[in-house]
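Chemist: First, the structure itself, so that you have it in front of you.
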Amino acid sequence: MIEGGIFLVFKKRIRRIFILVFLCVILYFSVSTGYNMGKQDSSSNNDDIKEETKLVGALDSKDVIGINTIVEIKYKYQKCGHETNITKKADESMFGLGVVDFLERFDEFRIIEFSERKLELAKSLNQYCDKHYLLKMIGDTVMILQSDTENEDFVVVKKTKLRRKDLDDNIYLILKRGKLFNSLDDIENYINSIIIG
């Protein structure tokens with residue numbers, strides 16, 4: 001009887017120790033996970049603060065865009081991931097603008113640097129860059145289109161010899177939506193495979 005009682009007491013103690021260890025492990029992982037998440041959030045907030053500090057510094061600037069201001073624009077294309085850089089002299093529409101006036105008139109750009117000497121901008125576009133072509137059914141004819149960065153759309157660059165009657169239903173549905181290519185040679189090979197096939 002006494003041995004059974006000791007065994008029960010011993011069993012209860014082991015159970016309590018196990019529960020205590022289990023709770024300590026959960027507490028440890030909760031604290032370390034929270035710490036790491038806070039650390040990551042803090043570093044992303046620091047990046048945001050740096051960006052805002054740069055912008056606040058630029059907002060205090062008395063610089064204005066003039067005839068000799070060089071404008072560098074970095075375009076980032078969301079759909080293909082490519083980037084292009086354009087460097088040019090400031091347009092007449094920009095002359096005399098300070099940073100606040102510029103932001104009001106050209107709100108699609110993000111300012112990286114703003115001075116009388118240099119204006120560095122970034123713009124994100126939800127499209128493909130002009131290195132890509134789209135083969136698409138327009139009306140009854142298959143056309144080759146190219147991305148037009150200024151208008152943020154595709155424009156027709158060439159008419160093909162393919163017509164609706166040349167296409168089976170599967171290819172017609174693909175070309176109705178549009179099929180993306182990286183070169184005109186790839187398009188020609190695709191068209192030839194349709195004609196020959």
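Convention: chains lettered A, B, ... in structure tokens order; per-chain residue numbering from 1; ligands numbered from 1 as shown.
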Counting only C-alpha atoms, what is within 7 Å of A:Val71, bar same-chain residues fewer than 5 positions away, as a list in words?
Modeler: Thr87, Lys88, Lys89, Ala90, Lys118, Leu119 and Glu120 of chain A
Chemist: Show me, as JSON lines, the residues of stretch 63-144 of chain A having an atom within 9 Å of stretch 158-166 of chain A, each with the closest atom pair and its distance in Å, using only C-alpha atoms.
Modeler:
```
{"residue": "A:Met137", "atom": "CA", "partner": "A:Arg164", "partner_atom": "CA", "distance": 8.0}
{"residue": "A:Gly139", "atom": "CA", "partner": "A:Arg164", "partner_atom": "CA", "distance": 8.7}
{"residue": "A:Asp140", "atom": "CA", "partner": "A:Arg164", "partner_atom": "CA", "distance": 5.4}
{"residue": "A:Thr141", "atom": "CA", "partner": "A:Arg163", "partner_atom": "CA", "distance": 4.7}
{"residue": "A:Val142", "atom": "CA", "partner": "A:Leu162", "partner_atom": "CA", "distance": 5.6}
{"residue": "A:Met143", "atom": "CA", "partner": "A:Lys159", "partner_atom": "CA", "distance": 4.6}
{"residue": "A:Ile144", "atom": "CA", "partner": "A:Lys158", "partner_atom": "CA", "distance": 5.1}
```
Chemist: For the residues in the current selection, export C-alpha atoms as a PDB file, in the first residue's frame.
Modeler:
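What landed in selection-v3.pdb:
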```pdb
ATOM      1  CA  MET A 137      -5.515  38.430 -82.056  1.00  0.00           C
ATOM      2  CA  GLY A 139     -10.149  41.635 -84.864  1.00  0.00           C
ATOM      3  CA  ASP A 140      -9.596  38.836 -87.388  1.00  0.00           C
ATOM      4  CA  THR A 141      -5.813  39.287 -87.685  1.00  0.00           C
ATOM      5  CA  VAL A 142      -2.923  38.259 -85.454  1.00  0.00           C
ATOM      6  CA  MET A 143      -0.714  41.255 -84.635  1.00  0.00           C
ATOM      7  CA  ILE A 144       2.691  41.713 -82.999  1.00  0.00           C
TER       8      ILE A 144
END
```
Chemist: Which residue out of A:Cys80, A:Leu145, A:Leu167, A:Leu23 has the minimum interatomic distance to A:Ser124 when only C-alpha atoms are used?
Modeler: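 Counting only C-alpha atoms, the residue closest to A:Ser124 is A:Cys80.
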Chemist: Could you tell me, as a ChimeraX atom specification, which residues of stretch 36-189 of chain A DSSP assigns to helix (DSSP H, G or I) when given the backbone?
Modeler: /A:36-59,92-94,99-105,164-166,169-177,184-189
Chemist: Those same residues, written as a PDB file, in the first residue's frame with C-alpha atoms?
Modeler:
```pdb
ATOM      1  CA  ASN A  36      12.844  38.159 -33.892  1.00  0.00           C
ATOM      2  CA  MET A  37       9.614  39.533 -35.367  1.00  0.00           C
ATOM      3  CA  GLY A  38      10.112  42.804 -33.508  1.00  0.00           C
ATOM      4  CA  LYS A  39      13.706  42.983 -34.699  1.00  0.00           C
ATOM      5  CA  GLN A  40      12.642  42.473 -38.347  1.00  0.00           C
ATOM      6  CA  ASP A  41       9.837  45.019 -38.014  1.00  0.00           C
ATOM      7  CA  SER A  42      12.277  47.467 -36.463  1.00  0.00           C
ATOM      8  CA  SER A  43      14.749  47.105 -39.346  1.00  0.00           C
ATOM      9  CA  SER A  44      12.010  47.650 -41.945  1.00  0.00           C
ATOM     10  CA  ASN A  45      10.821  50.671 -39.954  1.00  0.00           C
ATOM     11  CA  ASN A  46      14.400  51.980 -39.956  1.00  0.00           C
ATOM     12  CA  ASP A  47      14.440  51.771 -43.773  1.00  0.00           C
ATOM     13  CA  ASP A  48      11.130  53.642 -43.884  1.00  0.00           C
ATOM     14  CA  ILE A  49      12.491  56.252 -41.467  1.00  0.00           C
ATOM     15  CA  LYS A  50      15.607  56.702 -43.627  1.00  0.00           C
ATOM     16  CA  GLU A  51      13.408  57.208 -46.719  1.00  0.00           C
ATOM     17  CA  GLU A  52      11.193  59.677 -44.855  1.00  0.00           C
ATOM     18  CA  THR A  53      14.252  61.512 -43.496  1.00  0.00           C
ATOM     19  CA  LYS A  54      15.620  61.857 -47.023  1.00  0.00           C
ATOM     20  CA  LEU A  55      12.264  63.178 -48.222  1.00  0.00           C
ATOM     21  CA  VAL A  56      11.944  65.603 -45.311  1.00  0.00           C
ATOM     22  CA  GLY A  57      15.456  66.870 -46.078  1.00  0.00           C
ATOM     23  CA  ALA A  58      14.464  67.298 -49.715  1.00  0.00           C
ATOM     24  CA  LEU A  59      11.239  69.086 -48.722  1.00  0.00           C
ATOM     25  CA  GLU A  92      10.093  72.651 -69.810  1.00  0.00           C
ATOM     26  CA  SER A  93       7.155  71.392 -67.738  1.00  0.00           C
ATOM     27  CA  MET A  94       9.598  70.924 -64.829  1.00  0.00           C
ATOM     28  CA  VAL A  99      10.379  69.597 -54.604  1.00  0.00           C
ATOM     29  CA  VAL A 100       6.846  70.164 -53.229  1.00  0.00           C
ATOM     30  CA  ASP A 101       5.542  71.513 -56.543  1.00  0.00           C
ATOM     31  CA  PHE A 102       7.224  68.648 -58.371  1.00  0.00           C
ATOM     32  CA  LEU A 103       5.542  66.062 -56.092  1.00  0.00           C
ATOM     33  CA  GLU A 104       2.150  67.677 -56.703  1.00  0.00           C
ATOM     34  CA  ARG A 105       2.546  67.715 -60.478  1.00  0.00           C
ATOM     35  CA  ARG A 164      -8.652  33.503 -87.554  1.00  0.00           C
ATOM     36  CA  LYS A 165      -9.333  30.792 -90.144  1.00  0.00           C
ATOM     37  CA  ASP A 166      -5.695  29.599 -89.867  1.00  0.00           C
ATOM     38  CA  ASP A 169      -9.635  26.694 -81.282  1.00  0.00           C
ATOM     39  CA  ASN A 170      -6.873  26.125 -78.703  1.00  0.00           C
ATOM     40  CA  ILE A 171      -4.371  28.474 -80.395  1.00  0.00           C
ATOM     41  CA  TYR A 172      -7.150  30.986 -81.053  1.00  0.00           C
ATOM     42  CA  LEU A 173      -7.959  31.153 -77.319  1.00  0.00           C
ATOM     43  CA  ILE A 174      -4.253  31.615 -76.489  1.00  0.00           C
ATOM     44  CA  LEU A 175      -3.831  34.409 -79.036  1.00  0.00           C
ATOM     45  CA  LYS A 176      -7.104  36.059 -78.027  1.00  0.00           C
ATOM     46  CA  ARG A 177      -5.545  36.579 -74.568  1.00  0.00           C
ATOM     47  CA  LEU A 184      10.755  38.746 -82.953  1.00  0.00           C
ATOM     48  CA  ASP A 185      12.651  35.582 -83.972  1.00  0.00           C
ATOM     49  CA  ASP A 186      10.739  33.592 -81.343  1.00  0.00           C
ATOM     50  CA  ILE A 187       7.485  34.949 -82.767  1.00  0.00           C
ATOM     51  CA  GLU A 188       8.472  34.015 -86.323  1.00  0.00           C
ATOM     52  CA  ASN A 189       9.333  30.470 -85.210  1.00  0.00           C
TER      53      ASN A 189
END
```
Chemist: Which residue gives the smallest distance to A:Phe154 among A:Leu134, A:Asp168, A:Arg13, A:Ile26, with only C-alpha atoms counted?
Modeler: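 Of A:Leu134, A:Asp168, A:Arg13, A:Ile26, the one nearest A:Phe154 is A:Leu134, counting only C-alpha atoms.
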Chemist: Between A:Lys11, A:Arg16, A:Lys131, A:Lys74, which has the minimum distance to A:Ser183 (counting only C-alpha atoms)?
Modeler: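 Closest to A:Ser183, using only C-alpha atoms: A:Lys131.
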Chemist: Please compute the atom CA of A:Tyr133-atom CA of A:Ser147 distance, one decimal, in Å.
Modeler: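 Computing it gives 6.8 Å between the two atoms.
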Chemist: Using only C-alpha atoms, find the one residue out of A:Lys62, A:Arg15, A:Lys136, A:Lys179 that sits nearest to A:Gly98.
Modeler: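 Residue with the minimum atom-to-atom distance to A:Gly98: A:Lys62.
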Chemist: With only C-alpha atoms as the basis for distance, which of A:Lys12, A:His132, A:Lys123, A:Arg117 is at the shortest distance from A:Ile73?
Modeler: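 Among the listed residues, A:Lys123 lies closest to A:Ile73.
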Chemist: Calculate how many Å separate atom CA of A:Thr69 from atom CA of A:Asn126, rounding to one decimal.
Modeler: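 Computing the Euclidean distance for atom CA of A:Thr69 and atom CA of A:Asn126 yields 28.1 Å.
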Chemist: So that I can check the surroundings of A:Asp130, please list as a count of residues only every protein, DNA and RNA residue that reaches within 12 Å of it, counting only C-alpha atoms and ignoring chain neighbours fewer than 4 positions away.
Modeler: 26
Chemist: When distances are computed from only C-alpha atoms, which of A:Glu72, A:Phe29, A:Gly81, A:Leu20 shows the smallest separation from A:Ile111?
Modeler: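 Checking each of A:Glu72, A:Phe29, A:Gly81, A:Leu20 against A:Ile111, counting only C-alpha atoms, the winner is A:Glu72.
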